[in-house]
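> Just my_file-v1.txt, nothing more (compact mmCIF, C-alpha atoms):
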```
# COMPACT_ATOMS: atom_id res chain seq x y z
CA MET A 277 5.68 -30.51 54.61
CA ALA A 278 9.31 -31.13 53.76
CA TYR A 279 12.05 -29.09 55.36
CA GLY A 280 15.70 -28.65 54.46
CA HIS A 281 17.71 -27.63 51.42
CA SER A 282 19.39 -29.92 48.93
CA ASP A 283 22.73 -28.29 49.76
CA GLY A 284 22.55 -29.54 53.36
CA VAL A 285 21.76 -26.15 54.87
CA PRO A 286 18.94 -26.51 57.42
CA THR A 287 15.69 -24.64 56.99
CA ALA A 288 15.20 -21.90 59.57
CA ILE A 289 11.63 -21.45 60.78
CA LYS A 290 10.28 -18.63 62.90
CA ILE A 291 7.77 -19.52 65.62
CA LEU A 292 5.96 -17.25 68.08
CA ILE A 293 5.05 -18.16 71.66
CA ALA A 294 2.11 -15.99 72.71
CA GLY A 295 -0.52 -15.78 75.42
CA GLY A 296 -1.58 -13.70 78.38
CA PHE A 297 0.51 -12.09 81.07
CA GLY A 298 2.29 -14.63 83.29
CA VAL A 299 1.24 -17.71 81.33
CA GLY A 300 4.77 -19.11 80.90
CA LYS A 301 6.04 -17.76 77.57
CA THR A 302 9.48 -16.79 78.88
CA THR A 303 9.70 -20.11 80.71
CA MET A 304 8.89 -22.12 77.57
CA VAL A 305 11.38 -20.24 75.39
CA GLY A 306 14.08 -20.81 78.02
CA ALA A 307 13.19 -24.50 78.39
CA VAL A 308 13.35 -25.36 74.69
CA SER A 309 16.29 -23.16 73.69
CA GLU A 310 19.58 -24.98 73.15
CA THR A 311 21.43 -21.69 73.67
CA GLY A 312 21.11 -19.21 76.51
CA PRO A 313 17.85 -17.41 75.65
CA LEU A 314 17.69 -13.67 75.08
CA ARG A 315 15.28 -12.14 77.56
CA THR A 316 14.00 -8.58 77.89
CA GLU A 317 12.48 -8.85 81.33
CA GLU A 318 12.10 -5.94 83.71
CA VAL A 319 11.09 -5.88 87.36
CA LEU A 320 7.45 -5.02 87.96
CA THR A 321 7.17 -1.67 89.73
CA GLU A 322 4.45 0.33 91.42
CA ALA A 323 3.86 2.04 88.06
CA SER A 324 2.28 -1.19 86.80
CA THR A 325 -0.18 -1.34 89.71
CA GLY A 326 -3.68 -1.22 88.26
CA VAL A 327 -2.25 -1.84 84.77
CA ASP A 328 -0.98 -5.41 85.04
CA SER A 329 -3.37 -7.78 86.76
CA LEU A 330 -1.50 -10.23 88.98
CA SER A 331 -4.63 -12.26 89.63
CA GLY A 332 -3.55 -15.91 89.59
CA VAL A 333 0.14 -14.98 89.28
CA GLU A 334 0.65 -13.02 92.48
CA ALA A 335 4.26 -14.23 92.86
CA LYS A 336 5.28 -12.81 89.46
CA SER A 337 7.94 -10.12 89.88
CA THR A 338 9.15 -9.51 86.31
CA THR A 339 7.60 -8.94 82.89
CA THR A 340 8.75 -9.21 79.29
CA VAL A 341 8.88 -5.76 77.72
CA ALA A 342 9.95 -6.65 74.16
CA LEU A 343 10.58 -10.31 73.39
CA ASP A 344 12.24 -13.54 74.40
CA PHE A 345 14.35 -15.40 71.86
CA GLY A 346 15.69 -18.92 71.67
CA ARG A 347 16.92 -21.45 69.13
CA ILE A 348 16.24 -25.17 68.88
CA THR A 349 17.53 -27.71 66.37
CA ILE A 350 14.81 -30.24 65.64
CA ASN A 351 17.00 -32.29 63.30
CA GLU A 352 19.78 -31.70 60.76
CA GLN A 353 17.25 -30.29 58.28
CA LEU A 354 15.30 -28.01 60.62
CA VAL A 355 16.14 -25.20 63.06
CA LEU A 356 13.48 -23.21 64.88
CA TYR A 357 13.89 -19.62 65.99
CA VAL A 358 11.43 -19.11 68.82
CA PHE A 359 10.18 -15.66 69.79
CA GLY A 360 8.19 -15.09 72.97
CA THR A 361 5.83 -12.14 72.73
CA PRO A 362 5.08 -9.67 75.53
CA GLY A 363 1.78 -10.41 77.27
CA GLN A 364 0.46 -6.99 78.21
CA ASP A 365 -1.74 -4.88 75.96
CA ARG A 366 0.59 -1.89 76.13
CA PHE A 367 3.35 -3.86 74.36
CA TRP A 368 1.16 -5.20 71.54
CA PHE A 369 2.63 -2.73 69.04
CA ILE A 370 5.64 -5.08 68.93
CA TRP A 371 3.54 -8.04 67.80
CA ASP A 372 3.23 -7.01 64.13
CA GLU A 373 7.01 -6.85 63.83
CA LEU A 374 7.50 -10.18 65.60
CA ALA A 375 4.82 -11.87 63.46
CA LEU A 376 6.49 -11.00 60.15
CA GLY A 377 7.62 -14.21 58.49
CA ALA A 378 6.36 -16.48 61.26
CA THR A 379 5.36 -19.97 60.15
CA GLY A 380 3.04 -20.39 63.10
CA ALA A 381 2.38 -19.67 66.75
CA VAL A 382 1.83 -21.40 70.06
CA VAL A 383 -0.83 -19.78 72.24
CA LEU A 384 -0.15 -20.72 75.85
CA ALA A 385 -3.24 -20.96 78.04
CA ASP A 386 -3.77 -21.05 81.79
CA THR A 387 -7.08 -22.59 82.91
CA ARG A 388 -7.19 -20.17 85.87
CA ARG A 389 -7.30 -17.25 83.40
CA LEU A 390 -8.47 -18.79 80.15
CA ALA A 391 -9.91 -15.53 78.80
CA ASP A 392 -6.40 -14.04 78.77
CA CYS A 393 -5.55 -15.99 75.63
CA PHE A 394 -8.52 -14.66 73.60
CA PRO A 395 -6.55 -11.66 72.22
CA SER A 396 -3.79 -13.99 70.98
CA VAL A 397 -6.30 -16.37 69.36
CA ASP A 398 -8.07 -13.43 67.68
CA TYR A 399 -4.76 -11.98 66.48
CA PHE A 400 -3.59 -15.16 64.77
CA GLU A 401 -7.04 -15.97 63.35
CA GLN A 402 -7.24 -12.51 61.78
CA ARG A 403 -3.75 -12.85 60.27
CA GLY A 404 -4.40 -16.39 59.02
CA THR A 405 -1.39 -17.64 61.00
CA PRO A 406 -1.57 -21.34 61.93
CA PHE A 407 -1.54 -21.80 65.70
CA VAL A 408 -2.00 -24.40 68.40
CA ILE A 409 -3.24 -24.01 71.95
CA ALA A 410 -0.88 -25.36 74.61
CA VAL A 411 -2.50 -25.54 78.05
CA ASN A 412 0.26 -24.94 80.58
CA CYS A 413 -0.55 -27.24 83.50
CA PHE A 414 0.04 -25.12 86.58
CA GLU A 415 -0.06 -26.89 89.93
CA GLY A 416 -3.46 -26.41 91.56
CA ALA A 417 -5.09 -25.02 88.41
CA PRO A 418 -8.53 -26.36 87.45
CA THR A 419 -8.43 -29.25 85.00
CA TYR A 420 -10.81 -29.62 82.09
CA GLU A 421 -11.19 -31.96 79.16
CA LEU A 422 -9.47 -30.65 76.04
CA HIS A 423 -12.76 -30.51 74.14
CA GLU A 424 -14.19 -28.30 76.92
CA ILE A 425 -11.29 -25.86 76.57
CA LYS A 426 -11.65 -25.86 72.79
CA GLN A 427 -15.33 -25.09 73.14
CA ALA A 428 -14.70 -22.34 75.72
CA LEU A 429 -12.21 -20.69 73.34
CA ASN A 430 -14.58 -21.12 70.37
CA LEU A 431 -11.80 -22.66 68.28
CA GLU A 432 -12.08 -24.02 64.77
CA THR A 433 -12.23 -27.81 64.82
CA ASP A 434 -8.81 -28.19 63.15
CA VAL A 435 -6.90 -26.13 65.75
CA PRO A 436 -4.87 -28.57 67.87
CA ILE A 437 -5.03 -28.24 71.64
CA ILE A 438 -2.58 -30.04 73.90
CA LEU A 439 -1.44 -30.13 77.51
CA CYS A 440 2.11 -29.10 78.36
CA ASP A 441 4.53 -28.16 81.09
CA ALA A 442 6.33 -25.02 79.89
CA ARG A 443 9.22 -25.81 82.27
CA GLN A 444 10.07 -29.09 80.56
CA ARG A 445 12.17 -29.12 77.38
CA GLN A 446 10.59 -32.29 75.96
CA SER A 447 7.07 -31.02 76.63
CA GLY A 448 7.87 -27.74 74.86
CA LYS A 449 9.48 -29.60 71.99
CA ASP A 450 6.34 -31.74 71.62
CA VAL A 451 4.26 -28.56 71.40
CA LEU A 452 6.53 -27.14 68.69
CA ILE A 453 6.39 -30.37 66.67
CA THR A 454 2.59 -30.35 66.92
CA LEU A 455 2.61 -26.78 65.61
CA LEU A 456 4.89 -27.68 62.68
CA GLN A 457 2.62 -30.59 61.75
CA HIS A 458 -0.45 -28.34 61.94
CA ALA A 459 1.20 -25.57 59.90
CA GLY A 460 2.26 -28.14 57.30
CA SER A 461 -1.26 -29.58 56.97
CA THR A 462 -2.72 -26.06 56.83
CA GLN A 463 -0.32 -25.15 54.01
CA THR A 464 -1.20 -28.37 52.15
CA ARG A 465 -4.94 -27.72 52.45
CA GLY A 466 -4.46 -24.13 51.26
CA ALA A 467 -2.50 -25.30 48.21
CA ALA A 468 -5.21 -27.84 47.36
CA VAL A 469 -7.94 -25.19 47.60
CA ARG A 470 -5.95 -22.82 45.35
CA ALA A 471 -5.34 -25.61 42.81
CA ASN A 472 -9.06 -26.39 42.64
CA ALA A 473 -10.19 -22.74 42.44
```
The structure given in the file should be rewritten as structure tokens.

Amino acid sequence: MAYGHSDGVPTAIKILIAGGFGVGKTTMVGAVSETGPLRTEEVLTEASTGVDSLSGVEAKSTTTVALDFGRITINEQLVLYVFGTPGQDRFWFIWDELALGATGAVVLADTRRLADCFPSVDYFEQRGTPFVIAVNCFEGAPTYELHEIKQALNLETDVPIILCDARQRQSGKDVLITLLQHAGSTQTRGAAVRANA
């Protein structure tokens, strides 16, 4: 997939960072963004008790209530606009708006709470949005082979799955590049199928 315009203006691509509550979406957007990221975090209150499960993320004190936003220049032809989605069910009404025009998505996964990424996987599969799974390697979390995680998530064979550290800019950038490559190959396959139909 080629990016960029002949007039030298870079192509802007919209990417979503999704996943369960407390998986590291805000952290990843902040790590990869070359500008100060926009965050819509609020302090968790007693009102969220019984609504937001803190199992595995007991130290979490804030939550994203709308979106996170950052910008990263991959090269002179390509700029990514990265949107972090809210993780709780009650904020899912925002997802349809955020997903409009998105080239693809990163689904962050935490092996301590792997089932939390099922709704994100289902969402992007149903929309036909290319996505990759990025396993955020939390300290002390169980480790599994990538093929075991892929099998546990019942992923299609062509969905890439990679390990990452959402705190590290280069790690996040590697995830985004993997997504762009996957989205490009998905688009190429789709065009070939349409041409042969």
> Hey, what's within 7 Å of segment 342-348 of chain A if we count all atoms listed in the file and toss same-chain stuff fewer than 5 positions away? As a PyMOL selection string, please?
chain A and resi 302+305-306+308-311+313-316+355-362+370
> Ala307 of chain A: which residues within 8 Å, counting all atoms listed in the file, same-chain residues fewer than 5 positions away excluded, as a PDB file with C-alpha atoms, in the coordinates of the input?

```pdb
ATOM      1  CA  ALA A 442       6.330 -25.020  79.890  1.00  0.00           C
ATOM      2  CA  ARG A 443       9.220 -25.810  82.270  1.00  0.00           C
ATOM      3  CA  GLN A 444      10.070 -29.090  80.560  1.00  0.00           C
ATOM      4  CA  ARG A 445      12.170 -29.120  77.380  1.00  0.00           C
ATOM      5  CA  GLY A 448       7.870 -27.740  74.860  1.00  0.00           C
TER       6      GLY A 448
END
```
> Can you work out which one of A:Thr349, A:His423, A:Ser396, A:Val411 has the shortest atom-to-atom distance to Ile453 of chain A, counting all atoms listed in the file?
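Between A:Thr349, A:His423, A:Ser396, A:Val411, the residue approaching Ile453 of chain A most closely is A:Thr349.
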> At what distance in Å, to one decimal, does atom CA of Cys440 of chain A lie from atom CA of Met304 of chain A?
9.8 Å
> With distances taken over all atoms listed in the file, which of A:Lys290, A:Leu390, A:Pro406, A:Leu376 is nearest to Thr419 of chain A?
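Answer, going by the shortest atom-to-atom distance: A:Leu390.
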> Counting all atoms listed in the file, figure out which residue out of A:Ile291, A:Leu455, A:Ile350, A:Ile409 gets nearest to Ile425 of chain A.
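Result for the nearest residue to Ile425 of chain A: A:Ile409.
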> Atom CA of Phe394 of chain A and atom CA of Phe407 of chain A, how far apart in Å?
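That distance, rounded to one decimal, is 12.7 Å.
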> Calculate how many Å separate atom CA of Asp372 of chain A from atom CA of Ala459 of chain A, rounding to one decimal.
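A separation of 19.1 Å between them.
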